[in-house]
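Here is structure_38.csv, consisting of CSV, N, CA and C atoms:
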chain,number,residue,atom,x,y,z
R,1,MET,N,17.7,-4.5,29.6
R,1,MET,CA,16.7,-5.4,29.1
R,1,MET,C,16.8,-5.5,27.6
R,2,THR,N,17.0,-6.7,27.1
R,2,THR,CA,17.1,-7.1,25.7
R,2,THR,C,15.7,-7.2,25.1
R,3,LEU,N,15.4,-6.4,24.1
R,3,LEU,CA,14.1,-6.5,23.4
R,3,LEU,C,14.0,-7.5,22.3
R,4,LEU,N,15.2,-7.7,21.6
R,4,LEU,CA,15.2,-8.7,20.5
R,4,LEU,C,16.7,-9.2,20.4
R,5,LYS,N,16.8,-10.5,20.2
R,5,LYS,CA,18.1,-11.1,19.8
R,5,LYS,C,17.8,-12.2,18.9
R,6,THR,N,18.1,-12.2,17.6
R,6,THR,CA,17.7,-13.2,16.7
R,6,THR,C,18.7,-13.3,15.5
R,7,THR,N,18.6,-14.5,14.9
R,7,THR,CA,19.4,-14.7,13.6
R,7,THR,C,18.4,-14.9,12.5
R,8,LYS,N,17.1,-14.7,12.7
R,8,LYS,CA,16.1,-14.9,11.7
R,8,LYS,C,15.1,-13.7,11.6
R,9,SER,N,14.5,-13.6,10.5
R,9,SER,CA,13.4,-12.6,10.4
R,9,SER,C,12.1,-13.2,11.0
R,10,TRP,N,11.0,-12.4,11.0
R,10,TRP,CA,9.8,-12.8,11.7
R,10,TRP,C,9.2,-14.1,11.1
R,11,ASP,N,9.5,-14.4,9.8
R,11,ASP,CA,8.9,-15.5,9.2
R,11,ASP,C,9.8,-16.8,9.3
R,12,GLY,N,10.9,-16.7,10.0
R,12,GLY,CA,11.8,-17.8,10.3
R,12,GLY,C,13.0,-17.9,9.3
R,13,THR,N,13.1,-17.0,8.4
R,13,THR,CA,14.2,-17.1,7.4
R,13,THR,C,15.5,-16.6,8.1
R,14,VAL,N,16.5,-17.4,7.9
R,14,VAL,CA,17.8,-17.1,8.5
R,14,VAL,C,18.4,-15.9,7.7
R,15,TYR,N,19.0,-14.9,8.5
R,15,TYR,CA,19.6,-13.7,7.8
R,15,TYR,C,20.8,-14.1,7.1
R,16,PRO,N,21.1,-13.4,5.9
R,16,PRO,CA,22.3,-13.6,5.2
R,16,PRO,C,23.5,-13.0,5.9
R,17,ALA,N,24.7,-13.4,5.4
R,17,ALA,CA,25.9,-12.8,6.0
R,17,ALA,C,26.0,-11.3,5.6
R,18,TYR,N,26.7,-10.6,6.4
R,18,TYR,CA,26.9,-9.1,6.1
R,18,TYR,C,27.9,-9.0,5.0
R,19,PRO,N,27.7,-7.9,4.2
R,19,PRO,CA,28.8,-7.7,3.2
R,19,PRO,C,30.1,-7.3,3.9
R,20,THR,N,31.2,-7.4,3.1
R,20,THR,CA,32.5,-7.1,3.7
R,20,THR,C,32.9,-5.7,3.5
R,21,THR,N,32.0,-4.9,3.0
R,21,THR,CA,32.3,-3.5,2.8
R,21,THR,C,32.0,-2.6,4.0
R,22,GLN,N,32.3,-1.3,3.9
R,22,GLN,CA,32.0,-0.4,5.0
R,22,GLN,C,30.6,-0.5,5.5
R,23,PRO,N,30.3,-0.8,6.8
R,23,PRO,CA,28.9,-0.8,7.3
R,23,PRO,C,28.4,0.6,7.5
R,24,GLU,N,27.1,0.7,7.5
R,24,GLU,CA,26.4,1.9,7.9
R,24,GLU,C,25.1,1.6,8.6
R,25,ILE,N,24.9,2.2,9.8
R,25,ILE,CA,23.7,2.1,10.5
R,25,ILE,C,22.8,3.3,10.3
R,26,SER,N,21.5,3.0,10.0
R,26,SER,CA,20.5,4.1,9.8
R,26,SER,C,19.4,3.8,10.8
R,27,VAL,N,18.9,4.8,11.4
R,27,VAL,CA,17.7,4.7,12.3
R,27,VAL,C,16.6,5.7,11.8
R,28,LEU,N,15.4,5.2,11.5
R,28,LEU,CA,14.4,6.0,11.0
R,28,LEU,C,13.2,5.9,11.9
R,29,LYS,N,12.5,7.1,12.1
R,29,LYS,CA,11.2,7.1,12.8
R,29,LYS,C,10.1,7.2,11.7
R,30,ILE,N,9.2,6.2,11.6
R,30,ILE,CA,8.2,6.1,10.5
R,30,ILE,C,6.8,6.1,11.1
R,31,ALA,N,6.0,7.1,10.7
R,31,ALA,CA,4.6,7.1,11.2
R,31,ALA,C,3.7,6.7,10.0
R,32,VAL,N,2.8,5.7,10.2
R,32,VAL,CA,1.9,5.3,9.2
R,32,VAL,C,0.5,5.6,9.8
R,33,PRO,N,-0.4,6.3,9.0
R,33,PRO,CA,-1.7,6.6,9.5
R,33,PRO,C,-2.6,5.4,9.7
R,34,PRO,N,-3.7,5.6,10.4
R,34,PRO,CA,-4.7,4.5,10.5
R,34,PRO,C,-5.2,4.0,9.2
R,35,ASN,N,-5.5,2.7,9.1
R,35,ASN,CA,-6.2,2.0,8.0
R,35,ASN,C,-5.5,2.3,6.7
R,36,LYS,N,-4.1,2.1,6.7
R,36,LYS,CA,-3.3,2.4,5.5
R,36,LYS,C,-2.5,1.1,5.2
R,37,ALA,N,-2.5,0.7,3.9
R,37,ALA,CA,-1.7,-0.4,3.4
R,37,ALA,C,-0.5,0.2,2.7
R,38,LEU,N,0.7,-0.1,3.1
R,38,LEU,CA,1.9,0.4,2.5
R,38,LEU,C,2.1,-0.4,1.1
R,39,ASP,N,2.9,0.2,0.2
R,39,ASP,CA,3.2,-0.5,-1.0
R,39,ASP,C,4.1,-1.7,-0.7
R,40,TRP,N,4.0,-2.7,-1.6
R,40,TRP,CA,4.9,-3.8,-1.5
R,40,TRP,C,6.3,-3.4,-1.7
R,41,HIS,N,7.2,-3.9,-0.9
R,41,HIS,CA,8.6,-3.5,-1.0
R,41,HIS,C,9.5,-4.6,-0.4
R,42,LYS,N,10.8,-4.4,-0.5
R,42,LYS,CA,11.7,-5.4,0.1
R,42,LYS,C,12.9,-4.5,0.7
R,43,HIS,N,13.6,-5.1,1.6
R,43,HIS,CA,14.8,-4.5,2.2
R,43,HIS,C,16.0,-5.3,1.8
R,44,PRO,N,17.0,-4.7,1.2
R,44,PRO,CA,18.2,-5.4,0.9
R,44,PRO,C,19.2,-5.5,2.0
R,45,VAL,N,18.8,-5.0,3.2
R,45,VAL,CA,19.7,-5.0,4.4
R,45,VAL,C,18.9,-5.5,5.6
R,46,ILE,N,19.6,-6.0,6.5
R,46,ILE,CA,19.0,-6.5,7.8
R,46,ILE,C,18.5,-5.3,8.6
R,47,ASN,N,17.3,-5.4,9.1
R,47,ASN,CA,16.7,-4.3,9.9
R,47,ASN,C,15.7,-4.8,10.9
R,48,ALA,N,15.4,-4.0,11.9
R,48,ALA,CA,14.4,-4.4,12.9
R,48,ALA,C,13.6,-3.2,13.3
R,49,ALA,N,12.3,-3.4,13.5
R,49,ALA,CA,11.4,-2.2,13.8
R,49,ALA,C,10.8,-2.4,15.2
R,50,TYR,N,11.0,-1.3,16.0
R,50,TYR,CA,10.4,-1.2,17.3
R,50,TYR,C,9.1,-0.4,17.2
R,51,VAL,N,8.0,-0.9,17.8
R,51,VAL,CA,6.7,-0.2,17.7
R,51,VAL,C,6.6,0.7,18.9
R,52,GLU,N,6.7,2.0,18.6
R,52,GLU,CA,6.7,3.1,19.6
R,52,GLU,C,5.2,3.3,20.0
R,53,LYS,N,4.3,3.4,19.0
R,53,LYS,CA,2.9,3.6,19.3
R,53,LYS,C,2.1,2.8,18.3
R,54,GLY,N,0.9,2.3,18.7
R,54,GLY,CA,0.0,1.7,17.8
R,54,GLY,C,0.3,0.2,17.5
R,55,GLU,N,-0.1,-0.2,16.3
R,55,GLU,CA,0.1,-1.6,15.8
R,55,GLU,C,0.1,-1.6,14.3
R,56,ILE,N,0.8,-2.7,13.8
R,56,ILE,CA,0.8,-2.9,12.3
R,56,ILE,C,0.9,-4.4,12.1
R,57,GLN,N,0.2,-4.8,11.0
R,57,GLN,CA,0.3,-6.1,10.5
R,57,GLN,C,1.2,-6.2,9.3
R,58,VAL,N,2.2,-7.1,9.4
R,58,VAL,CA,3.1,-7.3,8.3
R,58,VAL,C,2.6,-8.5,7.5
R,59,GLU,N,2.8,-8.4,6.2
R,59,GLU,CA,2.3,-9.4,5.3
R,59,GLU,C,3.4,-9.8,4.3
R,60,ARG,N,3.6,-11.1,4.1
R,60,ARG,CA,4.6,-11.6,3.2
R,60,ARG,C,3.9,-11.8,1.8
R,61,LYS,N,4.5,-11.2,0.8
R,61,LYS,CA,3.8,-11.2,-0.6
R,61,LYS,C,3.6,-12.6,-1.2
R,62,GLU,N,4.6,-13.5,-1.0
R,62,GLU,CA,4.6,-14.7,-1.7
R,62,GLU,C,3.5,-15.7,-1.3
R,63,ASP,N,3.0,-15.6,-0.1
R,63,ASP,CA,2.0,-16.5,0.4
R,63,ASP,C,0.9,-15.9,1.3
R,64,GLY,N,1.0,-14.6,1.6
R,64,GLY,CA,0.1,-13.9,2.4
R,64,GLY,C,0.2,-14.1,3.9
R,65,LYS,N,1.3,-14.8,4.4
R,65,LYS,CA,1.5,-15.0,5.8
R,65,LYS,C,1.6,-13.6,6.5
R,66,THR,N,0.9,-13.5,7.6
R,66,THR,CA,0.9,-12.2,8.4
R,66,THR,C,1.3,-12.4,9.8
R,67,GLN,N,1.6,-11.3,10.4
R,67,GLN,CA,1.9,-11.2,11.9
R,67,GLN,C,1.6,-9.8,12.3
R,68,TRP,N,0.9,-9.6,13.4
R,68,TRP,CA,0.7,-8.3,14.1
R,68,TRP,C,1.8,-8.0,15.0
R,69,ILE,N,2.3,-6.8,15.0
R,69,ILE,CA,3.2,-6.3,16.1
R,69,ILE,C,2.6,-5.1,16.7
R,70,ARG,N,2.7,-5.0,18.0
R,70,ARG,CA,2.0,-4.0,18.8
R,70,ARG,C,3.0,-3.1,19.6
R,71,LYS,N,2.5,-2.1,20.2
R,71,LYS,CA,3.3,-1.2,21.0
R,71,LYS,C,4.3,-1.9,22.0
R,72,GLY,N,5.6,-1.6,21.9
R,72,GLY,CA,6.5,-2.2,22.8
R,72,GLY,C,7.2,-3.4,22.2
R,73,GLU,N,6.7,-3.9,21.1
R,73,GLU,CA,7.3,-5.1,20.5
R,73,GLU,C,8.3,-4.8,19.4
R,74,VAL,N,9.2,-5.7,19.1
R,74,VAL,CA,10.2,-5.5,18.0
R,74,VAL,C,10.0,-6.6,17.0
R,75,LEU,N,10.0,-6.1,15.7
R,75,LEU,CA,9.9,-7.0,14.6
R,75,LEU,C,11.2,-7.2,13.8
R,76,PRO,N,11.8,-8.4,13.7
R,76,PRO,CA,12.9,-8.6,12.9
R,76,PRO,C,12.5,-8.7,11.4
R,77,GLU,N,12.8,-7.7,10.6
R,77,GLU,CA,12.3,-7.6,9.3
R,77,GLU,C,12.9,-8.6,8.3
R,78,MET,N,12.2,-8.9,7.2
R,78,MET,CA,12.7,-9.8,6.2
R,78,MET,C,13.8,-9.1,5.3
R,79,VAL,N,14.7,-9.8,4.7
R,79,VAL,CA,15.7,-9.3,3.8
R,79,VAL,C,15.4,-9.9,2.4
R,80,ASN,N,15.3,-9.0,1.4
R,80,ASN,CA,15.1,-9.4,0.0
R,80,ASN,C,13.9,-10.3,-0.2
R,81,MET,N,12.8,-10.0,0.5
R,81,MET,CA,11.5,-10.7,0.3
R,81,MET,C,10.4,-9.7,0.3
R,82,GLY,N,9.5,-9.8,-0.7
R,82,GLY,CA,8.5,-8.8,-0.8
R,82,GLY,C,7.5,-8.9,0.4
R,83,HIS,N,7.1,-7.7,0.9
R,83,HIS,CA,6.2,-7.6,2.0
R,83,HIS,C,5.6,-6.2,2.1
R,84,ARG,N,4.7,-6.1,3.0
R,84,ARG,CA,4.1,-4.7,3.2
R,84,ARG,C,3.5,-4.7,4.7
R,85,GLY,N,3.2,-3.5,5.1
R,85,GLY,CA,2.6,-3.4,6.4
R,85,GLY,C,1.2,-2.8,6.2
R,86,LYS,N,0.2,-3.2,7.1
R,86,LYS,CA,-1.1,-2.6,7.0
R,86,LYS,C,-1.5,-2.2,8.5
R,87,THR,N,-2.0,-1.0,8.6
R,87,THR,CA,-2.4,-0.6,9.9
R,87,THR,C,-3.9,-0.7,10.1
R,88,GLY,N,-4.3,-0.8,11.4
R,88,GLY,CA,-5.7,-0.8,11.7
R,88,GLY,C,-6.2,0.6,12.1
R,89,ASP,N,-7.1,0.7,13.0
R,89,ASP,CA,-7.7,1.9,13.4
R,89,ASP,C,-6.7,2.8,14.2
R,90,LYS,N,-5.6,2.3,14.8
R,90,LYS,CA,-4.7,3.0,15.6
R,90,LYS,C,-3.6,3.7,14.8
R,91,GLY,N,-3.2,3.2,13.6
R,91,GLY,CA,-2.0,3.6,13.0
R,91,GLY,C,-0.8,3.1,13.7
R,92,VAL,N,0.4,3.5,13.4
R,92,VAL,CA,1.6,3.1,14.0
R,92,VAL,C,2.7,4.1,13.9
R,93,THR,N,3.6,4.1,14.9
R,93,THR,CA,4.9,4.8,14.8
R,93,THR,C,5.9,3.8,15.1
R,94,LEU,N,6.9,3.7,14.1
R,94,LEU,CA,8.0,2.7,14.2
R,94,LEU,C,9.3,3.4,14.4
R,95,ILE,N,10.2,2.8,15.1
R,95,ILE,CA,11.6,3.2,15.1
R,95,ILE,C,12.3,2.0,14.4
R,96,VAL,N,12.9,2.3,13.2
R,96,VAL,CA,13.5,1.2,12.5
R,96,VAL,C,15.0,1.3,12.4
R,97,PHE,N,15.7,0.3,12.8
R,97,PHE,CA,17.2,0.2,12.8
R,97,PHE,C,17.6,-0.6,11.6
R,98,TYR,N,18.4,0.0,10.7
R,98,TYR,CA,18.9,-0.7,9.5
R,98,TYR,C,20.4,-0.9,9.6
R,99,SER,N,20.9,-2.0,9.2
R,99,SER,CA,22.3,-2.3,9.2
R,99,SER,C,22.7,-2.6,7.7
R,100,GLY,N,23.2,-1.5,7.1
R,100,GLY,CA,23.5,-1.7,5.6
R,100,GLY,C,24.9,-1.2,5.3
R,101,THR,N,25.0,-0.6,4.1
R,101,THR,CA,26.3,0.0,3.6
R,101,THR,C,25.9,1.3,3.0
R,102,PRO,N,26.9,2.2,2.9
R,102,PRO,CA,26.6,3.6,2.4
R,102,PRO,C,25.9,3.6,1.0
R,103,ASP,N,26.2,2.6,0.1
R,103,ASP,CA,25.6,2.7,-1.2
R,103,ASP,C,24.4,1.8,-1.4
R,104,THR,N,23.9,1.2,-0.4
R,104,THR,CA,22.7,0.3,-0.5
R,104,THR,C,21.5,1.0,0.0
R,105,PRO,N,20.4,0.9,-0.8
R,105,PRO,CA,19.1,1.5,-0.4
R,105,PRO,C,18.6,0.8,0.8
R,106,LEU,N,17.8,1.4,1.6
R,106,LEU,CA,17.1,0.8,2.8
R,106,LEU,C,15.9,0.0,2.3
R,107,SER,N,15.3,0.4,1.3
R,107,SER,CA,14.0,-0.2,0.8
R,107,SER,C,14.0,-0.1,-0.7
R,108,GLU,N,13.3,-1.1,-1.4
R,108,GLU,CA,13.1,-1.0,-2.8
R,108,GLU,C,11.7,-1.5,-3.1
R,109,PRO,N,11.1,-0.9,-4.1
R,109,PRO,CA,9.7,-1.4,-4.5
R,109,PRO,C,9.7,-2.8,-5.1
R,110,VAL,N,8.6,-3.5,-4.9
R,110,VAL,CA,8.4,-4.8,-5.4
R,110,VAL,C,7.0,-4.8,-6.1
R,111,LYS,N,7.0,-5.3,-7.4
R,111,LYS,CA,5.7,-5.4,-8.1
R,111,LYS,C,5.0,-6.7,-7.9
Whole structure, structure tokens version:
Amino acid sequence: MTLLKTTKSWDGTVYPAYPTTQPEISVLKIAVPPNKALDWHKHPVINAAYVEKGEIQVERKEDGKTQWIRKGEVLPEMVNMGHRGKTGDKGVTLIVFYSGTPDTPLSEPVK
């Protein structure tokens, strides 16, 4: 069963081409407690988040556009665009798959 197959992030932005250097896959399990707003950040690499438990609302910094993702859903994340996640009463546990390079951070802060 395919959970996600896309060429765009959740807001409709087409993903950039991969770099031509050595690729590196990272998979992180991230738990966010209930009623928590994460700091604004951006991802310099393509990634997707699977919601293992709970739910989270993602918010785009530039215009406040939001989308909720819930248990069993997959979110194709934005690349190089400021955003954050906000949980409700349930909190969330995410499994996030990053496709980057050995010298590229997975996330960077945005002011």
TODO: Could you check how far CA of Ile56 in chain R sits from CA of Leu28 in chain R, in Å to one decimal?
DONE: 16.3 Å
TODO: Work out how far atom N of Gly12 in chain R is from atom C of Glu52 in chain R, in Å to one decimal.
DONE: 23.1 Å
Task: Sel. of strand (DSSP E or B) residues, chain R, as a PyMOL selection string - done: chain R and resi 8+14+24-32+37+41-42+46-60+66-70+74-76+83-100+108-109
Open item on the list: Just the number, please: distance in Å from atom C of Gln22 in chain R to atom C of Trp10 in chain R, one decimal.
Closed with: 26.0 Å
Task: Polymer residues at most 6 Å from range 80-90 of chain R, all atoms listed in the file, same-chain spacing of 6 or more positions, as a list in words - done: Pro33, Pro34, Asn35, Lys36, Ala37, Leu38, Asp39, Trp40, His41, Lys42, His43, Pro44, Val45, Gly54, Glu55, Ile56, Gln57, Val58, Glu59, Arg60, Lys61 and Glu62 of chain R
Open item on the list: My list of candidates is R:Val32, R:Leu4, R:Val14, R:Val74. Which is closest to Tyr50 in chain R when distances are computed with all atoms listed in the file?
Closed with: R:Val74
